[in-house]
Amino acid sequence: MQKHFKLDVIDDLPSSTITLRGTQRWLVCCPLCGCTHDVSAADETQPYSPYCQSLPAVFRAVQVAWQKLHPEVAKYKTLRLVKPH
(Lines give C-alpha, C1' and ligand atoms only; values in the text may rest on other atoms or scores of the structure.)
Protein backbone atom coordinates (compact mmCIF):
# COMPACT_ATOMS: atom_id res chain seq x y z
CA MET A 1 0.00 0.00 0.00
CA GLN A 2 2.81 2.44 0.83
CA LYS A 3 4.36 1.96 -2.62
CA HIS A 4 1.16 3.29 -4.18
CA PHE A 5 0.71 6.22 -1.79
CA LYS A 6 -0.69 9.40 -3.30
CA LEU A 7 -1.54 12.37 -1.12
CA ASP A 8 -5.23 13.26 -1.39
CA VAL A 9 -6.36 16.48 0.28
CA ILE A 10 -9.95 17.23 1.35
CA ASP A 11 -10.80 20.52 3.05
CA ASP A 12 -7.09 21.38 3.31
CA LEU A 13 -6.30 18.13 5.18
CA PRO A 14 -4.74 14.90 3.93
CA SER A 15 -7.39 12.20 3.63
CA SER A 16 -7.47 8.45 4.03
CA THR A 17 -10.27 5.99 3.36
CA ILE A 18 -11.29 3.78 6.25
CA THR A 19 -10.96 0.03 5.61
CA LEU A 20 -13.39 -2.34 7.33
CA ARG A 21 -12.12 -5.63 8.81
CA GLY A 22 -15.08 -7.28 10.52
CA THR A 23 -16.33 -4.71 13.03
CA GLN A 24 -12.99 -2.88 13.20
CA ARG A 25 -12.16 0.25 11.18
CA TRP A 26 -8.55 0.79 10.05
CA LEU A 27 -6.34 3.20 8.16
CA VAL A 28 -4.25 0.86 6.07
CA CYS A 29 -1.73 3.57 5.16
CA CYS A 30 -1.72 6.70 7.30
CA PRO A 31 -0.84 9.69 5.10
CA LEU A 32 1.25 11.16 7.94
CA CYS A 33 3.49 8.16 8.70
CA GLY A 34 2.66 5.24 6.37
CA CYS A 35 1.59 2.99 9.26
CA THR A 36 -1.68 1.17 9.90
CA HIS A 37 -3.91 2.63 12.64
CA ASP A 38 -7.07 1.36 14.33
CA VAL A 39 -9.66 4.13 13.92
CA SER A 40 -12.66 2.25 15.33
CA ALA A 41 -13.39 4.97 17.90
CA ALA A 42 -12.76 7.91 15.57
CA ASP A 43 -15.49 10.28 14.35
CA GLU A 44 -15.05 10.66 10.60
CA THR A 45 -16.97 13.96 10.63
CA GLN A 46 -14.10 15.61 12.55
CA PRO A 47 -10.40 16.06 11.74
CA TYR A 48 -8.57 13.07 13.15
CA SER A 49 -5.22 13.09 14.94
CA PRO A 50 -3.73 9.62 14.35
CA TYR A 51 -1.57 7.75 16.86
CA CYS A 52 1.59 8.89 15.08
CA GLN A 53 0.70 12.43 16.15
CA SER A 54 -0.59 11.70 19.66
CA LEU A 55 2.31 9.30 20.47
CA PRO A 56 5.20 10.90 18.56
CA ALA A 57 7.98 9.15 20.48
CA VAL A 58 6.66 5.73 19.44
CA PHE A 59 6.35 6.66 15.75
CA ARG A 60 9.31 9.04 15.40
CA ALA A 61 11.59 6.79 13.34
CA VAL A 62 8.92 5.67 10.86
CA GLN A 63 7.53 9.18 10.57
CA VAL A 64 10.95 10.66 9.77
CA ALA A 65 11.54 7.98 7.12
CA TRP A 66 8.05 8.51 5.65
CA GLN A 67 8.52 12.28 5.50
CA LYS A 68 11.80 11.83 3.63
CA LEU A 69 9.85 9.95 0.95
CA HIS A 70 6.84 12.31 1.12
CA PRO A 71 7.97 15.72 2.41
CA GLU A 72 4.63 17.28 1.48
CA VAL A 73 2.96 15.59 4.49
CA ALA A 74 5.32 17.09 7.10
CA LYS A 75 3.19 20.19 7.65
CA TYR A 76 0.07 18.24 8.69
CA LYS A 77 -0.91 17.07 12.19
CA THR A 78 -4.47 15.90 11.51
CA LEU A 79 -6.23 14.21 8.62
CA ARG A 80 -9.68 13.67 7.18
CA LEU A 81 -11.17 10.17 7.48
CA VAL A 82 -13.23 9.05 4.50
CA LYS A 83 -16.04 6.54 4.99
CA PRO A 84 -15.62 3.29 3.05
CA HIS A 85 -17.56 3.01 -0.19
# chains A, B, ... in the order shown; residues from 1 in each chain; ligands from 1
call {"tool": "select_by_dssp", "arguments": {"residues": "region 1-53 of chain A", "states": "strand (DSSP E or B)", "output": "list in words"}}
result
Val9, Ile10, Leu13, Pro14, Ser15, Ser16, Thr17, Thr19, Leu20, Arg21, Gln24, Arg25, Trp26, Leu27, His37, Asp38 and Tyr48 of chain A
call {"tool": "residues_around", "arguments": {"residues": "region 10-16 of chain A", "least_positions_apart": "2", "cutoff": "10 Å", "atoms": "only C-alpha atoms", "output": "JSON, numbers by chain"}}
result
{"A": [6, 7, 8, 18, 19, 26, 27, 28, 29, 30, 31, 32, 47, 48, 72, 73, 76, 77, 78, 79, 80, 81, 82, 83, 84]}
call {"tool": "atom_distance", "arguments": {"atom1": "CA of Asp38 (chain A)", "atom2": "CA of Arg60 (chain A)"}}
result
18.1 Å
call {"tool": "residues_around", "arguments": {"residues": "Gly34 (chain A)", "least_positions_apart": "3", "cutoff": "10 Å", "atoms": "only C-alpha atoms", "output": "list in words"}}
result
Met1, Gln2, Lys3, Phe5, Leu27, Val28, Cys29, Cys30, Pro31, His37, Cys52, Val62, Gln63, Ala65, Trp66, Gln67 and His70 of chain A
